[in-house]
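Okay, final_20.pdb is below, PDB, C-alpha atoms:
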```pdb
ATOM      1  CA  MET T   1     -22.626  32.410  19.627
ATOM      2  CA  ALA T   2     -23.827  35.390  17.641
ATOM      3  CA  ALA T   3     -23.174  35.470  13.919
ATOM      4  CA  ARG T   4     -20.124  37.431  12.831
ATOM      5  CA  LYS T   5     -20.369  38.826   9.322
ATOM      6  CA  SER T   6     -17.165  40.799   8.892
ATOM      7  CA  ALA T   7     -13.587  40.690  10.066
ATOM      8  CA  GLN T   8     -12.487  42.761  12.982
ATOM      9  CA  LYS T   9      -9.295  44.703  12.478
ATOM     10  CA  SER T  10      -6.554  42.145  12.560
ATOM     11  CA  ASN T  11      -2.807  42.477  12.785
ATOM     12  CA  VAL T  12      -1.813  40.785   9.564
ATOM     13  CA  SER T  13       1.634  41.296   8.135
ATOM     14  CA  ALA T  14       2.411  42.281   4.564
ATOM     15  CA  GLU T  15       4.019  38.858   4.103
ATOM     16  CA  GLU T  16       0.866  37.067   5.229
ATOM     17  CA  LEU T  17      -1.352  39.240   3.064
ATOM     18  CA  THR T  18       0.860  38.599   0.034
ATOM     19  CA  LYS T  19       0.764  34.870   0.796
ATOM     20  CA  TYR T  20      -3.050  34.830   0.846
ATOM     21  CA  TYR T  21      -3.145  36.817  -2.388
ATOM     22  CA  ARG T  22      -0.755  34.393  -4.064
ATOM     23  CA  GLU T  23      -2.660  31.312  -2.862
ATOM     24  CA  MET T  24      -6.064  32.626  -3.936
ATOM     25  CA  LEU T  25      -4.676  33.702  -7.306
ATOM     26  CA  LEU T  26      -3.182  30.233  -7.843
ATOM     27  CA  ILE T  27      -6.604  28.666  -7.310
ATOM     28  CA  ARG T  28      -8.277  31.198  -9.616
ATOM     29  CA  ARG T  29      -5.758  30.748 -12.452
ATOM     30  CA  PHE T  30      -5.685  26.971 -12.035
ATOM     31  CA  GLU T  31      -9.461  26.729 -12.272
ATOM     32  CA  GLU T  32      -9.526  28.998 -15.319
ATOM     33  CA  LYS T  33      -7.012  26.686 -16.999
ATOM     34  CA  ALA T  34      -9.021  23.616 -15.964
ATOM     35  CA  GLY T  35     -12.056  25.179 -17.597
ATOM     36  CA  GLN T  36     -10.057  25.656 -20.795
ATOM     37  CA  LEU T  37      -8.831  22.047 -20.802
ATOM     38  CA  TYR T  38     -12.374  20.834 -20.227
ATOM     39  CA  GLY T  39     -13.527  22.826 -23.238
ATOM     40  CA  MET T  40     -10.755  21.187 -25.282
ATOM     41  CA  GLY T  41     -11.969  17.730 -24.301
ATOM     42  CA  LEU T  42      -8.914  16.934 -22.187
ATOM     43  CA  ILE T  43     -10.939  16.618 -18.976
ATOM     44  CA  GLY T  44     -13.815  14.162 -18.990
ATOM     45  CA  GLY T  45     -16.750  13.599 -16.685
ATOM     46  CA  PHE T  46     -17.878  16.286 -14.277
ATOM     47  CA  CYS T  47     -15.793  19.313 -13.382
ATOM     48  CA  HIS T  48     -16.863  21.759 -10.657
ATOM     49  CA  LEU T  49     -14.841  24.965 -10.495
ATOM     50  CA  TYR T  50     -14.034  26.913  -7.308
ATOM     51  CA  ILE T  51     -13.859  30.350  -8.923
ATOM     52  CA  GLY T  52     -15.200  32.968  -6.484
ATOM     53  CA  GLN T  53     -14.858  30.833  -3.361
ATOM     54  CA  GLU T  54     -11.069  31.049  -2.958
ATOM     55  CA  ALA T  55     -11.108  32.979   0.335
ATOM     56  CA  VAL T  56     -12.880  30.139   2.140
ATOM     57  CA  VAL T  57     -10.224  27.482   1.921
ATOM     58  CA  VAL T  58      -7.243  29.874   1.963
ATOM     59  CA  GLY T  59      -8.537  31.517   5.138
ATOM     60  CA  LEU T  60      -9.173  28.218   6.887
ATOM     61  CA  GLU T  61      -5.854  26.710   5.852
ATOM     62  CA  ALA T  62      -4.232  29.778   7.449
ATOM     63  CA  ALA T  63      -5.834  28.680  10.734
ATOM     64  CA  ALA T  64      -4.745  25.041  10.403
ATOM     65  CA  GLU T  65      -1.642  23.395  11.827
ATOM     66  CA  GLU T  66       0.566  20.598  10.517
ATOM     67  CA  GLY T  67      -1.259  17.295  10.871
ATOM     68  CA  ASP T  68      -4.770  18.739  10.749
ATOM     69  CA  LYS T  69      -7.013  16.953   8.270
ATOM     70  CA  ARG T  70      -9.468  18.018   5.611
ATOM     71  CA  VAL T  71     -12.208  16.266   3.658
ATOM     72  CA  THR T  72     -14.595  17.826   1.156
ATOM     73  CA  SER T  73     -16.993  17.175  -1.703
ATOM     74  CA  TYR T  74     -16.594  17.563  -5.457
ATOM     75  CA  ARG T  75     -15.743  21.301  -5.742
ATOM     76  CA  ASP T  76     -12.356  20.333  -4.435
ATOM     77  CA  HIS T  77      -9.460  21.540  -6.603
ATOM     78  CA  GLY T  78      -9.064  24.694  -4.525
ATOM     79  CA  HIS T  79      -8.831  22.659  -1.337
ATOM     80  CA  MET T  80      -6.078  20.519  -2.829
ATOM     81  CA  LEU T  81      -3.978  23.475  -3.870
ATOM     82  CA  ALA T  82      -4.530  25.342  -0.600
ATOM     83  CA  CYS T  83      -3.262  22.440   1.506
ATOM     84  CA  GLY T  84      -0.084  22.242  -0.571
ATOM     85  CA  MET T  85      -0.784  19.517  -3.115
ATOM     86  CA  ASP T  86       1.234  19.929  -6.310
ATOM     87  CA  ALA T  87      -0.577  21.690  -9.157
ATOM     88  CA  GLY T  88       0.906  19.278 -11.709
ATOM     89  CA  GLY T  89      -0.366  16.223  -9.868
ATOM     90  CA  VAL T  90      -3.825  17.752  -9.500
ATOM     91  CA  MET T  91      -4.064  18.741 -13.173
ATOM     92  CA  ALA T  92      -2.772  15.349 -14.294
ATOM     93  CA  GLU T  93      -5.506  13.676 -12.249
ATOM     94  CA  LEU T  94      -8.136  15.949 -13.778
ATOM     95  CA  THR T  95      -7.027  14.829 -17.223
ATOM     96  CA  GLY T  96      -6.923  11.150 -16.225
ATOM     97  CA  ARG T  97      -3.162  10.744 -16.481
ATOM     98  CA  GLU T  98      -0.737   8.455 -14.724
ATOM     99  CA  GLY T  99       1.019  11.380 -13.045
ATOM    100  CA  GLY T 100      -2.113  12.325 -11.127
ATOM    101  CA  TYR T 101      -2.629  11.908  -7.406
ATOM    102  CA  SER T 102      -4.850   8.860  -7.945
ATOM    103  CA  LYS T 103      -2.884   7.603 -10.964
ATOM    104  CA  GLY T 104      -5.489   9.063 -13.300
ATOM    105  CA  LYS T 105      -8.266   6.817 -11.988
ATOM    106  CA  GLY T 106     -10.059   9.226  -9.684
ATOM    107  CA  GLY T 107     -10.504  12.320 -11.793
ATOM    108  CA  SER T 108     -11.893  15.590 -10.478
ATOM    109  CA  MET T 109     -13.851  14.196  -7.553
ATOM    110  CA  HIS T 110     -11.645  11.483  -6.110
ATOM    111  CA  MET T 111      -8.028  12.307  -5.432
ATOM    112  CA  PHE T 112      -6.237  12.043  -2.125
ATOM    113  CA  SER T 113      -2.946  12.888  -0.445
ATOM    114  CA  LYS T 114      -1.904  11.119   2.753
ATOM    115  CA  GLU T 115       1.128  13.406   2.976
ATOM    116  CA  LYS T 116      -1.051  16.544   3.003
ATOM    117  CA  HIS T 117      -3.802  14.901   5.084
ATOM    118  CA  PHE T 118      -6.313  15.472   2.303
ATOM    119  CA  TYR T 119      -8.957  12.747   2.296
ATOM    120  CA  GLY T 120     -10.994  13.633  -0.831
ATOM    121  CA  GLY T 121     -13.052  14.804  -2.921
ATOM    122  CA  HIS T 122     -16.331  12.818  -2.660
ATOM    123  CA  GLY T 123     -19.034  12.702  -5.296
ATOM    124  CA  ILE T 124     -22.003  11.666  -3.149
ATOM    125  CA  VAL T 125     -23.639  14.766  -1.674
ATOM    126  CA  GLY T 126     -23.028  14.911   2.074
ATOM    127  CA  ALA T 127     -21.225  11.559   2.256
ATOM    128  CA  GLN T 128     -17.970  13.176   3.368
ATOM    129  CA  VAL T 129     -19.546  14.626   6.529
ATOM    130  CA  PRO T 130     -19.623  11.379   8.561
ATOM    131  CA  LEU T 131     -16.190  10.544   7.150
ATOM    132  CA  GLY T 132     -14.878  13.818   8.560
ATOM    133  CA  ALA T 133     -16.310  12.957  11.969
ATOM    134  CA  GLY T 134     -14.615   9.568  11.694
ATOM    135  CA  LEU T 135     -11.252  11.217  11.056
ATOM    136  CA  ALA T 136     -11.820  13.416  14.104
ATOM    137  CA  PHE T 137     -12.801  10.370  16.170
ATOM    138  CA  SER T 138      -9.476   8.767  15.266
ATOM    139  CA  ASP T 139      -7.571  11.840  16.434
ATOM    140  CA  LYS T 140      -9.529  12.064  19.698
ATOM    141  CA  TYR T 141      -8.856   8.377  20.328
ATOM    142  CA  LYS T 142      -5.141   8.935  19.734
ATOM    143  CA  GLY T 143      -5.095  12.123  21.826
ATOM    144  CA  ASN T 144      -2.936  13.957  19.280
ATOM    145  CA  ASP T 145      -4.601  17.424  19.428
ATOM    146  CA  ARG T 146      -5.431  17.419  15.708
ATOM    147  CA  VAL T 147      -8.526  18.955  14.103
ATOM    148  CA  THR T 148     -10.470  17.901  11.000
ATOM    149  CA  PHE T 149     -12.049  20.419   8.613
ATOM    150  CA  THR T 150     -15.160  18.857   7.086
ATOM    151  CA  TYR T 151     -16.472  20.894   4.150
ATOM    152  CA  PHE T 152     -19.928  20.663   2.588
ATOM    153  CA  GLY T 153     -22.319  23.007   0.789
ATOM    154  CA  ASP T 154     -25.691  24.586   1.440
ATOM    155  CA  GLY T 155     -27.333  21.842  -0.641
ATOM    156  CA  ALA T 156     -25.720  19.077   1.397
ATOM    157  CA  ALA T 157     -26.763  20.867   4.594
ATOM    158  CA  ASN T 158     -30.248  19.394   4.078
ATOM    159  CA  GLN T 159     -29.007  15.787   4.052
ATOM    160  CA  GLY T 160     -30.064  13.583   6.954
ATOM    161  CA  GLN T 161     -26.602  12.095   7.468
ATOM    162  CA  VAL T 162     -25.327  15.583   8.331
ATOM    163  CA  TYR T 163     -27.564  15.692  11.407
ATOM    164  CA  GLU T 164     -26.756  12.147  12.437
ATOM    165  CA  THR T 165     -23.122  13.233  12.329
ATOM    166  CA  TYR T 166     -23.829  16.416  14.319
ATOM    167  CA  ASN T 167     -25.373  14.306  17.060
ATOM    168  CA  MET T 168     -22.474  11.858  17.296
ATOM    169  CA  ALA T 169     -19.829  14.573  17.035
ATOM    170  CA  GLN T 170     -21.307  16.516  19.945
ATOM    171  CA  LEU T 171     -22.035  13.381  21.961
ATOM    172  CA  TRP T 172     -18.398  12.342  21.742
ATOM    173  CA  ASP T 173     -16.850  15.864  21.769
ATOM    174  CA  LEU T 174     -15.091  15.282  18.467
ATOM    175  CA  PRO T 175     -12.519  17.861  17.261
ATOM    176  CA  VAL T 176     -14.224  18.567  13.941
ATOM    177  CA  VAL T 177     -14.979  21.896  12.270
ATOM    178  CA  PHE T 178     -18.053  21.575  10.074
ATOM    179  CA  VAL T 179     -17.613  24.119   7.276
ATOM    180  CA  ILE T 180     -20.780  24.953   5.337
ATOM    181  CA  GLU T 181     -19.625  26.585   2.104
ATOM    182  CA  ASN T 182     -22.882  28.411   1.457
ATOM    183  CA  ASN T 183     -22.535  29.644  -2.120
ATOM    184  CA  GLN T 184     -26.295  30.312  -2.075
ATOM    185  CA  TYR T 185     -27.327  28.145  -5.031
ATOM    186  CA  ALA T 186     -26.423  24.519  -4.248
ATOM    187  CA  MET T 187     -26.791  22.694  -7.586
ATOM    188  CA  GLY T 188     -29.079  25.374  -8.992
ATOM    189  CA  THR T 189     -31.725  26.228  -6.401
ATOM    190  CA  SER T 190     -31.520  29.413  -4.365
ATOM    191  CA  VAL T 191     -31.120  28.765  -0.645
ATOM    192  CA  GLN T 192     -34.185  30.949  -0.064
ATOM    193  CA  ARG T 193     -36.241  28.389  -1.978
ATOM    194  CA  SER T 194     -34.660  25.284  -0.461
ATOM    195  CA  THR T 195     -34.847  25.997   3.268
ATOM    196  CA  LYS T 196     -36.828  27.998   5.807
ATOM    197  CA  SER T 197     -33.803  28.255   8.099
ATOM    198  CA  PRO T 198     -32.481  31.841   8.145
ATOM    199  CA  ALA T 199     -29.040  30.570   9.170
ATOM    200  CA  LEU T 200     -27.754  27.060   8.439
ATOM    201  CA  TRP T 201     -25.180  27.116  11.233
ATOM    202  CA  LYS T 202     -27.921  27.552  13.830
ATOM    203  CA  ARG T 203     -29.230  24.082  13.095
ATOM    204  CA  GLY T 204     -26.402  22.853  15.301
ATOM    205  CA  GLU T 205     -27.996  24.532  18.318
ATOM    206  CA  ALA T 206     -30.383  21.582  18.657
ATOM    207  CA  TYR T 207     -27.348  19.440  19.469
ATOM    208  CA  GLY T 208     -25.565  22.047  21.564
ATOM    209  CA  ILE T 209     -22.929  22.718  18.894
ATOM    210  CA  ALA T 210     -21.333  26.162  18.884
ATOM    211  CA  GLY T 211     -20.941  28.036  15.618
ATOM    212  CA  GLU T 212     -21.139  31.262  13.676
ATOM    213  CA  GLU T 213     -21.629  32.838  10.266
ATOM    214  CA  VAL T 214     -18.715  34.479   8.477
ATOM    215  CA  ASP T 215     -18.187  36.544   5.328
ATOM    216  CA  GLY T 216     -16.637  34.011   2.975
ATOM    217  CA  MET T 217     -15.565  36.651   0.475
ATOM    218  CA  ASN T 218     -13.144  38.130   3.034
ATOM    219  CA  VAL T 219     -10.078  35.943   3.606
ATOM    220  CA  LEU T 220      -9.158  37.688   6.875
ATOM    221  CA  ALA T 221     -12.656  37.219   8.276
ATOM    222  CA  VAL T 222     -12.496  33.527   7.401
ATOM    223  CA  LYS T 223      -9.055  33.173   8.994
ATOM    224  CA  GLU T 224     -10.249  34.787  12.252
ATOM    225  CA  ALA T 225     -13.348  32.611  12.403
ATOM    226  CA  GLY T 226     -11.223  29.565  11.625
ATOM    227  CA  GLU T 227      -8.910  30.372  14.510
ATOM    228  CA  ARG T 228     -11.879  30.581  16.894
ATOM    229  CA  ALA T 229     -13.221  27.276  15.633
ATOM    230  CA  VAL T 230      -9.873  25.511  15.869
ATOM    231  CA  ALA T 231      -9.228  26.854  19.397
ATOM    232  CA  HIS T 232     -12.659  25.552  20.448
ATOM    233  CA  CYS T 233     -11.896  22.072  19.092
ATOM    234  CA  ARG T 234      -8.352  21.859  20.476
ATOM    235  CA  ALA T 235      -9.650  22.854  23.904
ATOM    236  CA  GLY T 236     -11.725  19.661  23.938
ATOM    237  CA  LYS T 237     -15.057  21.468  23.663
ATOM    238  CA  GLY T 238     -16.299  19.347  20.774
ATOM    239  CA  PRO T 239     -17.328  20.310  17.236
ATOM    240  CA  TYR T 240     -17.863  23.777  15.787
ATOM    241  CA  ILE T 241     -19.940  24.910  12.800
ATOM    242  CA  LEU T 242     -18.822  27.652  10.435
ATOM    243  CA  GLU T 243     -21.337  28.826   7.858
ATOM    244  CA  VAL T 244     -19.174  30.610   5.334
ATOM    245  CA  LYS T 245     -21.255  32.853   3.059
ATOM    246  CA  THR T 246     -19.565  32.717  -0.316
ATOM    247  CA  TYR T 247     -20.458  32.796  -4.014
ATOM    248  CA  ARG T 248     -19.455  30.819  -7.100
ATOM    249  CA  TYR T 249     -19.108  32.776 -10.320
ATOM    250  CA  ARG T 250     -19.460  29.803 -12.652
ATOM    251  CA  GLY T 251     -22.244  27.242 -12.952
ATOM    252  CA  HIS T 252     -22.559  24.262 -10.649
ATOM    253  CA  SER T 253     -20.489  22.253 -13.108
ATOM    254  CA  MET T 254     -19.139  22.889 -16.573
ATOM    255  CA  SER T 255     -22.434  21.727 -18.110
ATOM    256  CA  ASP T 256     -24.535  24.213 -16.102
ATOM    257  CA  PRO T 257     -25.632  27.380 -17.977
ATOM    258  CA  ALA T 258     -26.654  28.937 -14.612
ATOM    259  CA  LYS T 259     -29.881  30.450 -15.902
ATOM    260  CA  TYR T 260     -31.311  30.552 -12.379
ATOM    261  CA  ARG T 261     -29.556  33.885 -11.692
ATOM    262  CA  THR T 262     -28.894  37.016 -13.698
ATOM    263  CA  ARG T 263     -25.625  38.110 -15.248
ATOM    264  CA  GLU T 264     -26.047  41.390 -13.407
ATOM    265  CA  GLU T 265     -26.059  39.590 -10.071
ATOM    266  CA  VAL T 266     -22.833  37.760 -10.836
ATOM    267  CA  GLN T 267     -21.167  40.876 -12.216
ATOM    268  CA  LYS T 268     -22.151  42.893  -9.153
ATOM    269  CA  MET T 269     -20.552  40.287  -6.899
ATOM    270  CA  ARG T 270     -17.379  40.277  -8.992
ATOM    271  CA  GLU T 271     -17.097  44.052  -8.932
ATOM    272  CA  GLU T 272     -17.969  44.646  -5.283
ATOM    273  CA  ARG T 273     -17.042  41.513  -3.315
ATOM    274  CA  ASP T 274     -14.322  39.615  -5.170
ATOM    275  CA  PRO T 275     -12.007  38.063  -2.543
ATOM    276  CA  ILE T 276      -8.830  38.437  -4.575
ATOM    277  CA  GLU T 277      -9.507  42.048  -5.541
ATOM    278  CA  GLN T 278     -10.112  42.918  -1.878
ATOM    279  CA  VAL T 279      -6.652  41.705  -0.894
ATOM    280  CA  ARG T 280      -5.130  43.311  -3.975
ATOM    281  CA  GLU T 281      -6.541  46.669  -2.895
ATOM    282  CA  MET T 282      -5.234  46.162   0.647
ATOM    283  CA  LEU T 283      -1.751  45.473  -0.688
ATOM    284  CA  LEU T 284      -1.788  48.536  -2.928
ATOM    285  CA  THR T 285      -3.419  51.039  -0.577
ATOM    286  CA  GLY T 286      -1.239  49.869   2.318
ATOM    287  CA  LYS T 287       1.812  50.293   0.063
ATOM    288  CA  HIS T 288       2.790  46.680   0.703
ATOM    289  CA  ALA T 289       3.137  46.062  -3.038
ATOM    290  CA  THR T 290       3.188  47.952  -6.312
ATOM    291  CA  GLU T 291       1.277  47.214  -9.501
ATOM    292  CA  GLU T 292       4.518  45.818 -10.920
ATOM    293  CA  ASP T 293       4.937  43.511  -7.917
ATOM    294  CA  LEU T 294       1.440  42.104  -8.377
ATOM    295  CA  LYS T 295       1.932  41.675 -12.119
ATOM    296  CA  ALA T 296       5.077  39.693 -11.366
ATOM    297  CA  ILE T 297       3.138  37.447  -8.974
ATOM    298  CA  ASP T 298       0.445  36.888 -11.597
ATOM    299  CA  LYS T 299       3.078  35.961 -14.172
ATOM    300  CA  GLU T 300       4.697  33.539 -11.734
ATOM    301  CA  ILE T 301       1.326  31.920 -10.983
ATOM    302  CA  LYS T 302       0.448  31.637 -14.676
ATOM    303  CA  ASP T 303       3.802  29.923 -15.284
ATOM    304  CA  ILE T 304       3.038  27.380 -12.543
ATOM    305  CA  VAL T 305      -0.397  26.699 -13.979
ATOM    306  CA  ASN T 306       0.860  26.426 -17.564
ATOM    307  CA  LYS T 307       3.547  23.980 -16.438
ATOM    308  CA  SER T 308       0.901  21.923 -14.632
ATOM    309  CA  ALA T 309      -1.114  21.737 -17.854
ATOM    310  CA  ASP T 310       1.989  20.752 -19.840
ATOM    311  CA  PHE T 311       2.817  18.064 -17.281
ATOM    312  CA  ALA T 312      -0.728  16.718 -17.535
ATOM    313  CA  LYS T 313      -0.639  16.604 -21.327
ATOM    314  CA  GLU T 314       2.761  14.883 -21.373
ATOM    315  CA  SER T 315       1.925  12.328 -18.688
ATOM    316  CA  PRO T 316       0.775   8.996 -20.176
ATOM    317  CA  GLU T 317      -2.640   7.502 -19.622
ATOM    318  CA  PRO T 318      -2.766   4.719 -17.018
ATOM    319  CA  ALA T 319      -1.796   1.250 -18.235
ATOM    320  CA  LEU T 320      -4.624  -1.242 -18.642
ATOM    321  CA  GLU T 321      -3.239  -3.262 -15.727
ATOM    322  CA  GLU T 322      -4.159  -0.357 -13.433
ATOM    323  CA  LEU T 323      -7.787  -1.453 -13.729
ATOM    324  CA  TRP T 324      -6.968  -4.160 -11.174
ATOM    325  CA  THR T 325      -4.864  -2.170  -8.709
ATOM    326  CA  ASP T 326      -5.949  -0.245  -5.601
ATOM    327  CA  ILE T 327      -9.113  -2.310  -5.263
ATOM    328  CA  TYR T 328      -8.202  -4.498  -2.312
ATOM    329  CA  ALA T 329      -5.785  -3.767   0.524
ATOM    330  CA  ASP T 330      -2.443  -5.519   0.257
ATOM    331  CA  ASP T 331      -0.413  -6.978   3.101
ATOM    332  CA  ILE T 332      -3.240  -7.101   5.639
ATOM    333  CA  PRO T 333      -1.747  -8.089   9.001
ATOM    334  CA  GLN T 334      -2.822 -11.590  10.009
ATOM    335  CA  LYS T 335      -3.908 -12.370  13.555
ATOM    336  CA  SER T 336      -1.547 -14.712  15.348
ATOM    337  CA  ALA T 337      -2.922 -18.107  16.343
TER     338      ALA T 337
END
```
Is it possible to express this structure as structure tokens?
Amino acid sequence: MAARKSAQKSNVSAEELTKYYREMLLIRRFEEKAGQLYGMGLIGGFCHLYIGQEAVVVGLEAAAEEGDKRVTSYRDHGHMLACGMDAGGVMAELTGREGGYSKGKGGSMHMFSKEKHFYGGHGIVGAQVPLGAGLAFSDKYKGNDRVTFTYFGDGAANQGQVYETYNMAQLWDLPVVFVIENNQYAMGTSVQRSTKSPALWKRGEAYGIAGEEVDGMNVLAVKEAGERAVAHCRAGKGPYILEVKTYRYRGHSMSDPAKYRTREEVQKMREERDPIEQVREMLLTGKHATEEDLKAIDKEIKDIVNKSADFAKESPEPALEELWTDIYADDIPQKSA
């Protein structure tokens, strides 16, 4: 399938547009607050922020249905919020508190929600890709018409296990959408220096996997591409690859000074391509909202984020006994004699 770089005109309601704006703004404000808490020493270990990439996960969640699954890597806070996980539980996990989704033991990279069908957050580059295919295999086996969104970055796209997974997914017609979040710099190396492939999604052609490229700074373009991908999978046609061209404003992690690109480049992207500003302009120019309406939304979002930070600070650290829990499965069914 030919690459598609921009959204066609789509019939999106004012309510939907406002919803996408609100969801992207929640991720942006949450990540800004997480950055502040990290600077205060309240978040330990690694912390990878999603600022700039909000349209990717919000657009794809708009194409998902109840019961669909998602698995991703370590730049994962945005994915958690977009699938409906509670901001307080996410922030508490970031700060290593008992009220977090993994009881404060997983931190930024390893929190899960069975209720929201969110299967991590994984710290090993590319390791979540075969896991995503495994989730899709389970759904195909059960015949439940569900789809799994498996996210990974342009750096992980060079991992061998990705291509082993491509082969198996196509061989078995698995309902999995491989989402390459191409933010163009991986851990700190420009994609132009790390690969000779002009388009990462086209690597699936060797296995017969359909796919396309999409503008990841445009939430409506991502939603439309996501709908095509999901329809392909639900029709039993096997996997689909979406290469979503996006951009992170911050460094790879909080310890990255990002000296491999210029400030002017980042500023240009912020001024001309910011995903939240694009939707903001659509709401204002279409007279779907006023400046006062949008200020009220921002205030509401900031209140949610501030409350999540307060909850995290007030939640106790895990008890020492928690060192021994969640290691082995309990109540394993025994085979009858």
So which residues get picked by the PyMOL selection byres ((chain T and resi 210-212) around 12) here, written as a PyMOL selection string?
-> chain T and resi 1-6+166+169-170+173+176-180+199-209+213-216+221-222+224-226+228-230+232-233+237-245
Any chance you could resolve the PyMOL selection byres ((chain T and resi 255) around 12) against this file and give the residues as a list in words?
-> Gly35, Tyr38, Gly39, Gly44, Gly45, Phe46, Cys47, His48, Leu49, Met187, Gly188, Arg250, Gly251, His252, Ser253, Met254, Asp256, Pro257, Ala258 and Lys259 of chain T
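Distance-wise, CA of Arg273 (chain T) and CA of Arg28 (chain T) end up 14.9 Å apart.
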Taking the file above as input, evaluate the PyMOL selection byres ((chain T and resi 111) around 6) and report the hits as a PyMOL selection string.
-> chain T and resi 101-102+106+110+112+120
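Here the question is which of T:Gly67, T:Tyr260, T:Leu220, T:Thr195 gets nearest to Val279 (chain T) using only C-alpha atoms, and that residue is T:Leu220.
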For each of T:Glu321, T:Ala309, T:Ala296, T:Gly155, take the minimum atom-to-atom distance to Val90 (chain T), counting only C-alpha atoms, then give the residue where this is smallest.
-> T:Ala309
What's the 12 Å shell around Gln267 (chain T), counting only C-alpha atoms, without same-chain residues fewer than 4 positions away, as a ChimeraX atom specification?
-> /T:52,247-250,261-263,271-274
Take the selection from the previous step and output its residues with C-alpha atoms, as an mmCIF file, in the frame of the given file.
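Listing of again-v6.cif after writing:
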```cif
data_model
loop_
_atom_site.group_PDB
_atom_site.id
_atom_site.type_symbol
_atom_site.label_atom_id
_atom_site.label_comp_id
_atom_site.auth_asym_id
_atom_site.auth_seq_id
_atom_site.Cartn_x
_atom_site.Cartn_y
_atom_site.Cartn_z
ATOM 1 C CA GLY T 52 -15.200 32.968 -6.484
ATOM 2 C CA TYR T 247 -20.458 32.796 -4.014
ATOM 3 C CA ARG T 248 -19.455 30.819 -7.100
ATOM 4 C CA TYR T 249 -19.108 32.776 -10.320
ATOM 5 C CA ARG T 250 -19.460 29.803 -12.652
ATOM 6 C CA ARG T 261 -29.556 33.885 -11.692
ATOM 7 C CA THR T 262 -28.894 37.016 -13.698
ATOM 8 C CA ARG T 263 -25.625 38.110 -15.248
ATOM 9 C CA GLU T 271 -17.097 44.052 -8.932
ATOM 10 C CA GLU T 272 -17.969 44.646 -5.283
ATOM 11 C CA ARG T 273 -17.042 41.513 -3.315
ATOM 12 C CA ASP T 274 -14.322 39.615 -5.170
#
```
Can you list, as a PDB file with C-alpha atoms, in the coordinates of the input, every protein, DNA or RNA residue that comes within 10 Å of Ala289 (chain T) when you count all atoms listed in the file, leaving out same-chain residues fewer than 6 positions away?
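Everything below was put into selection26.pdb:
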```pdb
ATOM      1  CA  ALA T  14       2.411  42.281   4.564  1.00  0.00           C
ATOM      2  CA  THR T  18       0.860  38.599   0.034  1.00  0.00           C
ATOM      3  CA  ARG T 280      -5.130  43.311  -3.975  1.00  0.00           C
ATOM      4  CA  GLU T 281      -6.541  46.669  -2.895  1.00  0.00           C
ATOM      5  CA  MET T 282      -5.234  46.162   0.647  1.00  0.00           C
ATOM      6  CA  LEU T 283      -1.751  45.473  -0.688  1.00  0.00           C
TER       7      LEU T 283
END
```
Just the residues within 10 Å of Glu314 (chain T), please, counting only C-alpha atoms, with nothing from its chain fewer than 2 positions along; format it as a PyMOL selection string.
-> chain T and resi 92+97-99+308-312+316-317
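The coordinates place CA of Ala231 (chain T) at 23.5 Å from CA of Glu15 (chain T).
Taking CA of Asn182 (chain T) as the reference point, CA of Thr148 (chain T) is found at 18.9 Å.
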Residue neighbourhood region 124-126 of chain T, 8 Å, only C-alpha atoms, exclusion window fewer than 5 positions, as a PyMOL selection string | chain T and resi 73+152+156-157+159+161-162
Six-sided padding of 3 Å per side, axis-aligned box over region 103-114 of chain T, centre and edges in Å, one decimal, as JSON:
```
{"center_x": -7.9, "center_y": 11.2, "center_z": -5.3, "size_x": 17.9, "size_y": 14.8, "size_z": 22.1}
```
Measuring atom to atom with all atoms listed in the file, identify which of T:Glu54, T:Met109, T:Val71, T:Leu131 is nearest to Gln278 (chain T).
-> T:Glu54
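When all atoms listed in the file are used to measure the gap to Lys302 (chain T), the shortest distance among T:Asn167, T:Glu32, T:Gly121, T:Tyr141 belongs to T:Glu32.
Here the question is which of T:Ala329, T:Met168, T:Leu174, T:Val219 gets nearest to Leu17 (chain T) using all atoms listed in the file, and that residue is T:Val219.
The neighbours of His77 (chain T) here are the residues that come within 8 Å of it, using only C-alpha atoms and leaving out any residue fewer than 4 positions away in the same chain; they are T:Ile27, T:Glu31, T:Leu49, T:Tyr50, T:Leu81, T:Val90, T:Ser108.
Residue nearest Ile327 (chain T), chosen from T:Ala235, T:Ala136, T:Lys105, T:Glu164 and counting all atoms listed in the file: T:Lys105.
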Using the atoms already present, construct N, CA and C atoms for region 45-50 of chain T and hand them back as a CSV table (one decimal), keeping the file's coordinate frame.
```csv
chain,number,residue,atom,x,y,z
T,45,GLY,N,-15.9,13.7,-17.9
T,45,GLY,CA,-16.8,13.6,-16.7
T,45,GLY,C,-17.2,15.0,-16.2
T,46,PHE,N,-17.5,15.0,-14.9
T,46,PHE,CA,-17.9,16.3,-14.3
T,46,PHE,C,-16.7,17.1,-13.9
T,47,CYS,N,-16.9,18.4,-13.8
T,47,CYS,CA,-15.8,19.3,-13.4
T,47,CYS,C,-16.4,20.5,-12.7
T,48,HIS,N,-16.2,20.7,-11.4
T,48,HIS,CA,-16.9,21.8,-10.7
T,48,HIS,C,-15.8,22.7,-10.2
T,49,LEU,N,-15.9,24.0,-10.7
T,49,LEU,CA,-14.8,25.0,-10.5
T,49,LEU,C,-15.1,25.8,-9.2
T,50,TYR,N,-14.0,26.2,-8.6
T,50,TYR,CA,-14.0,26.9,-7.3
T,50,TYR,C,-13.9,28.4,-7.4
```
